[in-house]
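A.B. asks: Take this structure first; my questions come after.
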Amino acid sequence: MESALKMKPVICIAGPTASGKSAYAIDIAEAVGGEIINADALQVYSDLQVLSARPLDSEMAGLPHHMFGHVSGQTRFSTGAWVREVEPLILDILARGKAPILVGGTGLYFRALLKGIANIAAVSKDVEAETALYLEANGIVALRAEAEELDAVATARVLGHDPQRLQRIVNVAKSTGQALSVWQADTRPIVPLRFTRFCVLTPPRDILYDRINARYDTMLREGGLNEARAVFNKAYDEALPVMKAIGLRQLRGYFNETCSLDEAVDDAKRESRRFAKRQMTWFRNQPPRGQLLANRSDRDAFVKSVRGLTF
């Protein structure tokens with residue numbers, strides 16, 4: 001990647017849900033001659049076309065899109081698995097004289113790409129089960145306290161109540177005898193930062209929240225309920241990432257007849273807004289920090305800055 005040959009930049013487009021990332025990625029791909037790569041942890045799943053807002057073929061503008069909907073929901077697709085797939089793909093796109101354009105809302109994917117990812121030893125299934133039972137019995141506050149005791153450095157990086165990341169901290173420490181933060185210190189970037197251009201879409205909060213609400217209504221009109229029913233009928237393990245998807249899991253109560261559809265929809269919209277807020281906080285405060293694009297003028301200027309750029 002550091003050869004003397006001229007190559008196009010690796011362009012990263014991040015931002016909260018419903019911020020317009022997919023359409024903007026197409027704008028940039030058309031401007032620079034690029035191919036689009038998924039950097040969203042839910043859009044990898046074949047089970048979630050509608051409820052993950054995965055681009056339809058008709059929305060891809062005839063441009064190559066990679067790593068969308070290619071994984072079964074019964075797979076626990078990790079950041080490490082994403083990195084292993086994306087690295088050779090980026091190299092291939094660059095070798096063909098195109099610009100890789102990574103787009104999504106999963107901050108950990110971008111961090112792994114640009115800061116590196118640790119080659120962590122395997123975690124014991126018994127330890128995972130033990131930690132899950134501990135969380136169920138004692139709650140998230142107790143789990144966070146245990147994570148802090150085992151690895152204060154890694155726990156300090158977890159914003160709010162994030163059971164998946166807190167369990168990971170506990171599981172790694174107990175399984176390997178070494179803190180996750182120690183493993184993470186031994187990393188290398190997949191793409192050196194100097195070869196990238198990284199932006200974050202940051203629409204005004206009121207506009208973003210209106211988009212989130214309207215988009216969920218559209219999802220339901222376009223088959224979201226049928227998609228949710230199909231996923232629940234597969235009886236996947238509830239601990240799998242696909243089953244934790246915001247917008248999916250809130251519909252469980254409706255299908256179980258423990259709440260009305262209106263109540264489930266309100267819950268899904270509320271959790272989506274909260275998630276968007278967490279995403280915005282993450283992208284503003286966690287490295288690598290991207291260039292914030294708040295309006296159309298900012299977005300147009302970014303496109304101009306990457307058009308014709310080579311290294």
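Ligands are numbered from 1 in the order shown, chains are lettered A, B, ... in the order of the structure tokens, and residues start at 1 in each chain.
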Give me the residues within 10 Å of Leu166 in chain A as a PyMOL selection string, counting only C-alpha atoms and dropping any in the same chain fewer than 5 places off.
C.D. replies: chain A and resi 131+135+140+143-148+151+154-155+158+161+171
A.B. asks: Could you write out that same residue set with C-alpha atoms as a PDB file, in the first residue's frame?
C.D. replies:
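Result went into selection-v8.pdb, see below:
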```
ATOM      1  CA  THR A 131     -20.553 -13.914  31.963  1.00  0.00           C
ATOM      2  CA  LEU A 135     -25.252 -10.167  33.566  1.00  0.00           C
ATOM      3  CA  ILE A 140     -25.450  -4.119  33.735  1.00  0.00           C
ATOM      4  CA  LEU A 143     -21.132  -6.186  34.947  1.00  0.00           C
ATOM      5  CA  ARG A 144     -19.512  -2.813  34.371  1.00  0.00           C
ATOM      6  CA  ALA A 145     -18.002  -2.922  37.862  1.00  0.00           C
ATOM      7  CA  GLU A 146     -16.488  -6.318  37.117  1.00  0.00           C
ATOM      8  CA  ALA A 147     -15.152  -5.085  33.785  1.00  0.00           C
ATOM      9  CA  GLU A 148     -13.555  -2.086  35.492  1.00  0.00           C
ATOM     10  CA  ASP A 151      -9.571  -3.893  32.750  1.00  0.00           C
ATOM     11  CA  ALA A 154     -10.826  -0.794  28.148  1.00  0.00           C
ATOM     12  CA  THR A 155     -13.910  -0.167  30.286  1.00  0.00           C
ATOM     13  CA  VAL A 158     -17.232   2.070  26.728  1.00  0.00           C
ATOM     14  CA  HIS A 161     -24.520   0.637  29.091  1.00  0.00           C
ATOM     15  CA  ASN A 171     -14.472 -12.644  28.713  1.00  0.00           C
TER      16      ASN A 171
END
```
A.B. asks: Would you give me, as a list in words, the residues in range 65-211 of chain A that DSSP reads as strand (DSSP E)?
C.D. replies: His65, His66, Ala99, Pro100, Ile101, Leu102, Val103, Gly104, Thr196, Arg197, Phe198, Cys199, Val200 and Leu201 of chain A
A.B. asks: Measuring atom to atom with only C-alpha atoms, identify which of A:Ser124, A:Thr310, A:Trp282, A:Asp298 is nearest to Leu159 in chain A.
C.D. replies: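 When distances to Leu159 in chain A are compared using only C-alpha atoms, the smallest one comes from A:Trp282.
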A.B. asks: Please identify all polymer residues within 10 Å of Asp237 in chain A, counting only C-alpha atoms, omitting same-chain residues fewer than 4 positions from it, and present them as a ChimeraX atom specification.
C.D. replies: /A:73-74,232,241-243
A.B. asks: Pull N, CA and C atoms from the residues just selected and write them as a PDB file, in the first residue's frame.
C.D. replies:
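As a result, result.pdb now contains:
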```pdb
ATOM      1  N   GLY A  73     -27.816 -14.606   9.321  1.00  0.00           N
ATOM      2  CA  GLY A  73     -28.068 -14.129  10.676  1.00  0.00           C
ATOM      3  C   GLY A  73     -27.630 -15.089  11.759  1.00  0.00           C
ATOM      4  N   GLN A  74     -27.434 -16.346  11.436  1.00  0.00           N
ATOM      5  CA  GLN A  74     -26.987 -17.306  12.438  1.00  0.00           C
ATOM      6  C   GLN A  74     -25.475 -17.216  12.680  1.00  0.00           C
ATOM      7  N   PHE A 232     -37.813 -13.973  13.282  1.00  0.00           N
ATOM      8  CA  PHE A 232     -38.239 -14.608  14.533  1.00  0.00           C
ATOM      9  C   PHE A 232     -38.605 -16.078  14.312  1.00  0.00           C
ATOM     10  N   PRO A 241     -25.912 -11.258  17.208  1.00  0.00           N
ATOM     11  CA  PRO A 241     -26.027  -9.817  16.914  1.00  0.00           C
ATOM     12  C   PRO A 241     -27.264  -9.447  16.122  1.00  0.00           C
ATOM     13  N   VAL A 242     -27.660 -10.294  15.161  1.00  0.00           N
ATOM     14  CA  VAL A 242     -28.803  -9.946  14.332  1.00  0.00           C
ATOM     15  C   VAL A 242     -30.073  -9.797  15.162  1.00  0.00           C
ATOM     16  N   MET A 243     -30.186 -10.557  16.264  1.00  0.00           N
ATOM     17  CA  MET A 243     -31.385 -10.509  17.082  1.00  0.00           C
ATOM     18  C   MET A 243     -31.448  -9.261  17.961  1.00  0.00           C
TER      19      MET A 243
END
```
A.B. asks: Tell me which protein, DNA and RNA residues are within 12 Å of Gly290 in chain A, counting only C-alpha atoms, leaving out same-chain ones fewer than 6 positions away, and put them as a PyMOL selection string.
C.D. replies: chain A and resi 11-15+107+110-111+114+193+196-202+280+282-284+302
A.B. asks: Kindly save the residues from that selection, with N, CA and C atoms included, as a compact mmCIF listing (two decimals), in the first residue's frame.
C.D. replies:
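So selection-v1.txt came out as:
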```
# COMPACT_ATOMS: atom_id res chain seq x y z
N ILE A 11 -11.62 6.26 1.00
CA ILE A 11 -12.56 7.26 1.50
C ILE A 11 -13.51 6.60 2.50
N CYS A 12 -13.63 7.21 3.66
CA CYS A 12 -14.49 6.68 4.73
C CYS A 12 -15.63 7.66 4.99
N ILE A 13 -16.85 7.15 4.95
CA ILE A 13 -18.03 7.97 5.20
C ILE A 13 -18.77 7.37 6.38
N ALA A 14 -18.72 8.04 7.50
CA ALA A 14 -19.37 7.56 8.72
C ALA A 14 -20.50 8.50 9.11
N GLY A 15 -21.24 8.10 10.14
CA GLY A 15 -22.31 8.95 10.63
C GLY A 15 -23.42 8.14 11.26
N GLY A 107 -18.67 2.41 14.35
CA GLY A 107 -17.41 3.06 14.69
C GLY A 107 -16.26 2.09 14.89
N PHE A 110 -14.42 1.31 11.64
CA PHE A 110 -13.51 2.36 11.20
C PHE A 110 -12.27 2.43 12.10
N ARG A 111 -12.47 2.24 13.39
CA ARG A 111 -11.31 2.25 14.29
C ARG A 111 -10.37 1.10 13.93
N LEU A 114 -8.40 1.94 10.68
CA LEU A 114 -7.44 3.04 10.69
C LEU A 114 -6.50 3.05 11.89
N LEU A 193 -3.41 6.08 7.97
CA LEU A 193 -4.34 7.22 7.97
C LEU A 193 -4.03 8.23 6.87
N THR A 196 -6.00 8.06 3.60
CA THR A 196 -7.46 8.10 3.69
C THR A 196 -7.98 9.53 3.71
N ARG A 197 -9.26 9.64 3.42
CA ARG A 197 -10.02 10.86 3.68
C ARG A 197 -11.27 10.39 4.41
N PHE A 198 -11.50 10.92 5.60
CA PHE A 198 -12.52 10.40 6.51
C PHE A 198 -13.49 11.52 6.87
N CYS A 199 -14.77 11.32 6.59
CA CYS A 199 -15.77 12.32 6.93
C CYS A 199 -16.89 11.70 7.75
N VAL A 200 -17.58 12.55 8.50
CA VAL A 200 -18.71 12.13 9.34
C VAL A 200 -19.89 13.05 9.02
N LEU A 201 -20.99 12.47 8.60
CA LEU A 201 -22.19 13.26 8.32
C LEU A 201 -22.87 13.63 9.64
N THR A 202 -23.11 14.91 9.84
CA THR A 202 -23.66 15.39 11.13
C THR A 202 -24.83 16.33 10.90
N MET A 280 -23.29 9.65 17.29
CA MET A 280 -22.73 11.00 17.12
C MET A 280 -21.67 11.27 18.18
N TRP A 282 -19.84 9.08 19.73
CA TRP A 282 -18.67 8.25 19.44
C TRP A 282 -17.81 8.89 18.35
N PHE A 283 -18.43 9.27 17.24
CA PHE A 283 -17.66 9.80 16.12
C PHE A 283 -17.05 11.17 16.42
N ARG A 284 -17.65 11.91 17.34
CA ARG A 284 -17.07 13.21 17.71
C ARG A 284 -15.89 13.06 18.67
N PHE A 302 -16.34 18.53 0.41
CA PHE A 302 -15.58 17.30 0.62
C PHE A 302 -15.43 16.54 -0.70
```
A.B. asks: Could you check which of A:Arg168, A:Arg273, A:Arg194, A:Lys98 is closest to Met7 in chain A, using only C-alpha atoms?
C.D. replies: A:Lys98
A.B. asks: Go ahead and compute the interatomic distance for CA of Leu292 in chain A and CA of Lys21 in chain A, in Å to one decimal.
C.D. replies: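 Between these atoms lies a distance of 12.8 Å.
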A.B. asks: Give the answer as one residue: which of A:Ala23, A:Leu102, A:Ala173, A:Ile207 has the shortest atom-to-atom distance to Ile36 in chain A, using only C-alpha atoms?
C.D. replies: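 The closest residue to Ile36 in chain A is A:Leu102.
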A.B. asks: Choose the residue, out of A:Leu180, A:Leu220, A:Val141, A:Phe275, that has the smallest atom-to-atom separation from Leu261 in chain A; count only C-alpha atoms.
C.D. replies: A:Leu220
A.B. asks: Using DSSP secondary structure from the backbone, list all alpha helix (DSSP H) positions within range 100-227 of chain A, as a JSON list (two decimals) with N, CA and C atoms, in the first residue's frame.
C.D. replies:
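Result file is result.json:
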```
[["chain", "number", "residue", "atom", "x", "y", "z"],
["A", 107, "GLY", "N", -18.67, 2.41, 14.35],
["A", 107, "GLY", "CA", -17.41, 3.06, 14.69],
["A", 107, "GLY", "C", -16.26, 2.09, 14.89],
["A", 108, "LEU", "N", -16.55, 0.92, 15.45],
["A", 108, "LEU", "CA", -15.48, -0.04, 15.69],
["A", 108, "LEU", "C", -14.86, -0.54, 14.39],
["A", 109, "TYR", "N", -15.63, -0.61, 13.32],
["A", 109, "TYR", "CA", -15.07, -1.00, 12.03],
["A", 109, "TYR", "C", -14.06, 0.04, 11.56],
["A", 110, "PHE", "N", -14.42, 1.31, 11.64],
["A", 110, "PHE", "CA", -13.51, 2.36, 11.20],
["A", 110, "PHE", "C", -12.27, 2.43, 12.10],
["A", 111, "ARG", "N", -12.47, 2.24, 13.39],
["A", 111, "ARG", "CA", -11.31, 2.25, 14.29],
["A", 111, "ARG", "C", -10.37, 1.10, 13.93],
["A", 112, "ALA", "N", -10.91, -0.09, 13.69],
["A", 112, "ALA", "CA", -10.07, -1.23, 13.33],
["A", 112, "ALA", "C", -9.32, -0.98, 12.02],
["A", 113, "LEU", "N", -9.99, -0.36, 11.08],
["A", 113, "LEU", "CA", -9.39, -0.08, 9.78],
["A", 113, "LEU", "C", -8.21, 0.89, 9.91],
["A", 114, "LEU", "N", -8.40, 1.94, 10.68],
["A", 114, "LEU", "CA", -7.44, 3.04, 10.69],
["A", 114, "LEU", "C", -6.50, 3.05, 11.89],
["A", 115, "LYS", "N", -6.87, 2.33, 12.95],
["A", 115, "LYS", "CA", -6.01, 2.28, 14.13],
["A", 115, "LYS", "C", -5.44, 0.89, 14.37],
["A", 125, "LYS", "N", -15.92, -20.63, 25.46],
["A", 125, "LYS", "CA", -17.38, -20.62, 25.42],
["A", 125, "LYS", "C", -17.96, -20.73, 26.83],
["A", 126, "ASP", "N", -17.28, -21.45, 27.70],
["A", 126, "ASP", "CA", -17.75, -21.58, 29.08],
["A", 126, "ASP", "C", -17.70, -20.23, 29.79],
["A", 127, "VAL", "N", -16.64, -19.47, 29.55],
["A", 127, "VAL", "CA", -16.53, -18.14, 30.15],
["A", 127, "VAL", "C", -17.61, -17.23, 29.60],
["A", 128, "GLU", "N", -17.86, -17.30, 28.30],
["A", 128, "GLU", "CA", -18.92, -16.47, 27.71],
["A", 128, "GLU", "C", -20.26, -16.77, 28.36],
["A", 129, "ALA", "N", -20.56, -18.05, 28.54],
["A", 129, "ALA", "CA", -21.83, -18.44, 29.15],
["A", 129, "ALA", "C", -21.90, -17.96, 30.60],
["A", 130, "GLU", "N", -20.79, -18.08, 31.31],
["A", 130, "GLU", "CA", -20.75, -17.64, 32.71],
["A", 130, "GLU", "C", -20.99, -16.14, 32.82],
["A", 131, "THR", "N", -20.38, -15.37, 31.93],
["A", 131, "THR", "CA", -20.55, -13.91, 31.96],
["A", 131, "THR", "C", -21.98, -13.52, 31.61],
["A", 132, "ALA", "N", -22.56, -14.21, 30.64],
["A", 132, "ALA", "CA", -23.95, -13.92, 30.26],
["A", 132, "ALA", "C", -24.89, -14.19, 31.42],
["A", 133, "LEU", "N", -24.67, -15.27, 32.16],
["A", 133, "LEU", "CA", -25.49, -15.57, 33.33],
["A", 133, "LEU", "C", -25.29, -14.52, 34.42],
["A", 134, "TYR", "N", -24.04, -14.07, 34.58],
["A", 134, "TYR", "CA", -23.76, -13.04, 35.58],
["A", 134, "TYR", "C", -24.52, -11.75, 35.26],
["A", 135, "LEU", "N", -24.52, -11.37, 33.98],
["A", 135, "LEU", "CA", -25.25, -10.17, 33.57],
["A", 135, "LEU", "C", -26.74, -10.34, 33.85],
["A", 136, "GLU", "N", -27.29, -11.49, 33.49],
["A", 136, "GLU", "CA", -28.72, -11.73, 33.70],
["A", 136, "GLU", "C", -29.09, -11.69, 35.18],
["A", 137, "ALA", "N", -28.21, -12.21, 36.02],
["A", 137, "ALA", "CA", -28.52, -12.29, 37.45],
["A", 137, "ALA", "C", -28.26, -10.98, 38.19],
["A", 138, "ASN", "N", -27.25, -10.22, 37.76],
["A", 138, "ASN", "CA", -26.80, -9.07, 38.54],
["A", 138, "ASN", "C", -27.00, -7.71, 37.87],
["A", 140, "ILE", "N", -26.52, -4.77, 34.49],
["A", 140, "ILE", "CA", -25.45, -4.12, 33.73],
["A", 140, "ILE", "C", -24.49, -3.34, 34.63],
["A", 141, "VAL", "N", -24.99, -2.76, 35.71],
["A", 141, "VAL", "CA", -24.11, -1.98, 36.60],
["A", 141, "VAL", "C", -23.07, -2.89, 37.24],
["A", 142, "ALA", "N", -23.50, -4.06, 37.68],
["A", 142, "ALA", "CA", -22.56, -5.01, 38.27],
["A", 142, "ALA", "C", -21.56, -5.52, 37.23],
["A", 143, "LEU", "N", -22.04, -5.73, 36.00],
["A", 143, "LEU", "CA", -21.13, -6.19, 34.95],
["A", 143, "LEU", "C", -20.07, -5.13, 34.66],
["A", 144, "ARG", "N", -20.49, -3.88, 34.61],
["A", 144, "ARG", "CA", -19.51, -2.81, 34.37],
["A", 144, "ARG", "C", -18.49, -2.75, 35.50],
["A", 145, "ALA", "N", -18.93, -2.94, 36.73],
["A", 145, "ALA", "CA", -18.00, -2.92, 37.86],
["A", 145, "ALA", "C", -16.98, -4.04, 37.73],
["A", 146, "GLU", "N", -17.42, -5.21, 37.31],
["A", 146, "GLU", "CA", -16.49, -6.32, 37.12],
["A", 146, "GLU", "C", -15.51, -6.02, 35.99],
["A", 147, "ALA", "N", -16.03, -5.44, 34.91],
["A", 147, "ALA", "CA", -15.15, -5.08, 33.79],
["A", 147, "ALA", "C", -14.10, -4.07, 34.21],
["A", 148, "GLU", "N", -14.50, -3.09, 35.01],
["A", 148, "GLU", "CA", -13.55, -2.09, 35.49],
["A", 148, "GLU", "C", -12.47, -2.71, 36.36],
["A", 149, "GLU", "N", -12.85, -3.68, 37.16],
["A", 149, "GLU", "CA", -11.87, -4.35, 38.02],
["A", 149, "GLU", "C", -10.86, -5.14, 37.19],
["A", 150, "LEU", "N", -11.33, -5.77, 36.11],
["A", 150, "LEU", "CA", -10.46, -6.59, 35.28],
["A", 150, "LEU", "C", -9.65, -5.77, 34.28],
["A", 152, "ALA", "N", -9.63, -1.64, 33.62],
["A", 152, "ALA", "CA", -10.15, -0.28, 33.74],
["A", 152, "ALA", "C", -9.94, 0.53, 32.47],
["A", 153, "VAL", "N", -8.85, 0.28, 31.76],
["A", 153, "VAL", "CA", -8.53, 1.06, 30.55],
["A", 153, "VAL", "C", -9.57, 0.80, 29.47],
["A", 154, "ALA", "N", -9.84, -0.47, 29.18],
["A", 154, "ALA", "CA", -10.83, -0.79, 28.15],
["A", 154, "ALA", "C", -12.23, -0.37, 28.55],
["A", 155, "THR", "N", -12.57, -0.53, 29.82],
["A", 155, "THR", "CA", -13.91, -0.17, 30.29],
["A", 155, "THR", "C", -14.16, 1.33, 30.17],
["A", 156, "ALA", "N", -13.14, 2.13, 30.37],
["A", 156, "ALA", "CA", -13.29, 3.58, 30.26],
["A", 156, "ALA", "C", -13.66, 4.01, 28.85],
["A", 163, "PRO", "N", -23.77, -3.80, 26.89],
["A", 163, "PRO", "CA", -23.49, -5.13, 27.44],
["A", 163, "PRO", "C", -22.55, -5.97, 26.58],
["A", 164, "GLN", "N", -22.65, -5.83, 25.26],
["A", 164, "GLN", "CA", -21.82, -6.65, 24.39],
["A", 164, "GLN", "C", -20.33, -6.33, 24.60],
["A", 165, "ARG", "N", -20.00, -5.05, 24.64],
["A", 165, "ARG", "CA", -18.59, -4.67, 24.80],
["A", 165, "ARG", "C", -18.09, -4.96, 26.21],
["A", 166, "LEU", "N", -18.95, -4.76, 27.21],
["A", 166, "LEU", "CA", -18.54, -5.04, 28.58],
["A", 166, "LEU", "C", -18.31, -6.54, 28.79],
["A", 167, "GLN", "N", -19.18, -7.36, 28.21],
["A", 167, "GLN", "CA", -18.98, -8.81, 28.30],
["A", 167, "GLN", "C", -17.68, -9.20, 27.61],
["A", 168, "ARG", "N", -17.38, -8.56, 26.49],
["A", 168, "ARG", "CA", -16.14, -8.87, 25.77],
["A", 168, "ARG", "C", -14.92, -8.58, 26.66],
["A", 169, "ILE", "N", -14.94, -7.48, 27.37],
["A", 169, "ILE", "CA", -13.82, -7.12, 28.25],
["A", 169, "ILE", "C", -13.62, -8.19, 29.32],
["A", 170, "VAL", "N", -14.72, -8.59, 29.94],
["A", 170, "VAL", "CA", -14.65, -9.61, 30.99],
["A", 170, "VAL", "C", -14.20, -10.95, 30.42],
["A", 171, "ASN", "N", -14.77, -11.33, 29.29],
["A", 171, "ASN", "CA", -14.47, -12.64, 28.71],
["A", 171, "ASN", "C", -13.01, -12.77, 28.29],
["A", 172, "VAL", "N", -12.48, -11.73, 27.68],
["A", 172, "VAL", "CA", -11.08, -11.78, 27.23],
["A", 172, "VAL", "C", -10.14, -11.89, 28.43],
["A", 173, "ALA", "N", -10.39, -11.07, 29.45],
["A", 173, "ALA", "CA", -9.51, -11.08, 30.63],
["A", 173, "ALA", "C", -9.53, -12.45, 31.31],
["A", 174, "LYS", "N", -10.72, -13.01, 31.45],
["A", 174, "LYS", "CA", -10.83, -14.29, 32.14],
["A", 174, "LYS", "C", -10.31, -15.46, 31.30],
["A", 175, "SER", "N", -10.51, -15.41, 30.00],
["A", 175, "SER", "CA", -10.11, -16.52, 29.14],
["A", 175, "SER", "C", -8.62, -16.54, 28.85],
["A", 176, "THR", "N", -8.04, -15.36, 28.63],
["A", 176, "THR", "CA", -6.65, -15.29, 28.18],
["A", 176, "THR", "C", -5.67, -14.94, 29.29],
["A", 180, "LEU", "N", -7.99, -6.97, 27.76],
["A", 180, "LEU", "CA", -8.27, -6.62, 26.37],
["A", 180, "LEU", "C", -7.44, -5.41, 25.94],
["A", 181, "SER", "N", -7.28, -4.43, 26.81],
["A", 181, "SER", "CA", -6.52, -3.23, 26.46],
["A", 181, "SER", "C", -5.06, -3.54, 26.17],
["A", 182, "VAL", "N", -4.52, -4.58, 26.81],
["A", 182, "VAL", "CA", -3.14, -5.00, 26.53],
["A", 182, "VAL", "C", -3.06, -5.64, 25.15],
["A", 183, "TRP", "N", -4.01, -6.51, 24.85],
["A", 183, "TRP", "CA", -4.06, -7.09, 23.51],
["A", 183, "TRP", "C", -4.18, -5.99, 22.45],
["A", 184, "GLN", "N", -5.04, -5.00, 22.72],
["A", 184, "GLN", "CA", -5.31, -3.97, 21.73],
["A", 184, "GLN", "C", -4.11, -3.05, 21.50],
["A", 185, "ALA", "N", -3.22, -2.98, 22.46],
["A", 185, "ALA", "CA", -2.04, -2.12, 22.30],
["A", 185, "ALA", "C", -1.10, -2.65, 21.22],
["A", 205, "ARG", "N", -29.73, 17.78, 14.83],
["A", 205, "ARG", "CA", -30.39, 16.71, 15.56],
["A", 205, "ARG", "C", -31.88, 16.62, 15.26],
["A", 206, "ASP", "N", -32.57, 17.76, 15.20],
["A", 206, "ASP", "CA", -34.01, 17.70, 14.96],
["A", 206, "ASP", "C", -34.33, 17.13, 13.58],
["A", 207, "ILE", "N", -33.52, 17.49, 12.60],
["A", 207, "ILE", "CA", -33.71, 16.95, 11.26],
["A", 207, "ILE", "C", -33.42, 15.46, 11.24],
["A", 208, "LEU", "N", -32.34, 15.06, 11.92],
["A", 208, "LEU", "CA", -31.98, 13.64, 11.97],
["A", 208, "LEU", "C", -33.08, 12.82, 12.63],
["A", 209, "TYR", "N", -33.61, 13.30, 13.74],
["A", 209, "TYR", "CA", -34.66, 12.56, 14.44],
["A", 209, "TYR", "C", -35.92, 12.44, 13.60],
["A", 210, "ASP", "N", -36.26, 13.49, 12.87],
["A", 210, "ASP", "CA", -37.42, 13.42, 11.97],
["A", 210, "ASP", "C", -37.20, 12.36, 10.88],
["A", 211, "ARG", "N", -35.97, 12.29, 10.38],
["A", 211, "ARG", "CA", -35.65, 11.29, 9.36],
["A", 211, "ARG", "C", -35.76, 9.87, 9.92],
["A", 212, "ILE", "N", -35.27, 9.70, 11.14],
["A", 212, "ILE", "CA", -35.33, 8.38, 11.78],
["A", 212, "ILE", "C", -36.78, 7.93, 11.92],
["A", 213, "ASN", "N", -37.63, 8.81, 12.41],
["A", 213, "ASN", "CA", -39.05, 8.47, 12.59],
["A", 213, "ASN", "C", -39.72, 8.14, 11.26],
["A", 214, "ALA", "N", -39.47, 8.99, 10.25],
["A", 214, "ALA", "CA", -40.10, 8.78, 8.95],
["A", 214, "ALA", "C", -39.57, 7.51, 8.29],
["A", 215, "ARG", "N", -38.29, 7.25, 8.45],
["A", 215, "ARG", "CA", -37.72, 6.07, 7.80],
["A", 215, "ARG", "C", -38.28, 4.78, 8.38],
["A", 216, "TYR", "N", -38.51, 4.75, 9.69],
["A", 216, "TYR", "CA", -39.06, 3.53, 10.27],
["A", 216, "TYR", "C", -40.48, 3.27, 9.77],
["A", 217, "ASP", "N", -41.26, 4.34, 9.64],
["A", 217, "ASP", "CA", -42.60, 4.17, 9.06],
["A", 217, "ASP", "C", -42.51, 3.60, 7.65],
["A", 218, "THR", "N", -41.54, 4.10, 6.88],
["A", 218, "THR", "CA", -41.34, 3.60, 5.52],
["A", 218, "THR", "C", -40.92, 2.13, 5.53],
["A", 219, "MET", "N", -40.05, 1.77, 6.45],
["A", 219, "MET", "CA", -39.62, 0.37, 6.57],
["A", 219, "MET", "C", -40.81, -0.56, 6.78],
["A", 225, "LEU", "N", -42.41, -5.61, 8.71],
["A", 225, "LEU", "CA", -43.08, -6.56, 9.60],
["A", 225, "LEU", "C", -42.91, -8.00, 9.11],
["A", 226, "ASN", "N", -43.04, -8.19, 7.81],
["A", 226, "ASN", "CA", -42.85, -9.54, 7.28],
["A", 226, "ASN", "C", -41.41, -10.01, 7.47],
["A", 227, "GLU", "N", -40.47, -9.09, 7.30],
["A", 227, "GLU", "CA", -39.06, -9.44, 7.50],
["A", 227, "GLU", "C", -38.80, -9.83, 8.95]]
```
A.B. asks: Work out how far CA of Val103 in chain A is from CA of His65 in chain A, in Å to one decimal.
C.D. replies: 10.3 Å
A.B. asks: Tell me which protein, DNA and RNA residues are within 8 Å of Leu51 in chain A, counting only C-alpha atoms, leaving out same-chain ones fewer than 3 positions away, and put them as a ChimeraX atom specification.
C.D. replies: /A:48,54,219,224,227-228,247-248
A.B. asks: Selection from above, C-alpha atoms, as a PDB file, in the first residue's frame, can you write it?
C.D. replies:
```
ATOM      1  CA  LEU A  48     -32.191  -7.785   7.309  1.00  0.00           C
ATOM      2  CA  ARG A  54     -29.550  -1.935   3.309  1.00  0.00           C
ATOM      3  CA  MET A 219     -39.620   0.372   6.573  1.00  0.00           C
ATOM      4  CA  GLY A 224     -40.444  -4.613   7.672  1.00  0.00           C
ATOM      5  CA  GLU A 227     -39.064  -9.441   7.499  1.00  0.00           C
ATOM      6  CA  ALA A 228     -39.184  -9.370  11.294  1.00  0.00           C
ATOM      7  CA  GLY A 247     -36.052  -1.876  14.943  1.00  0.00           C
ATOM      8  CA  LEU A 248     -36.246  -5.667  14.957  1.00  0.00           C
TER       9      LEU A 248
END
```
A.B. asks: Just the residues within 8 Å of Thr106 in chain A, please, counting only C-alpha atoms, with nothing from its chain fewer than 6 positions along; format it as a PyMOL selection string.
C.D. replies: chain A and resi 14+39-41
A.B. asks: What does the distance from CA of Ala121 in chain A to CA of Glu85 in chain A come to in Å, to one decimal?
C.D. replies: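 Between these atoms lies a distance of 19.0 Å.
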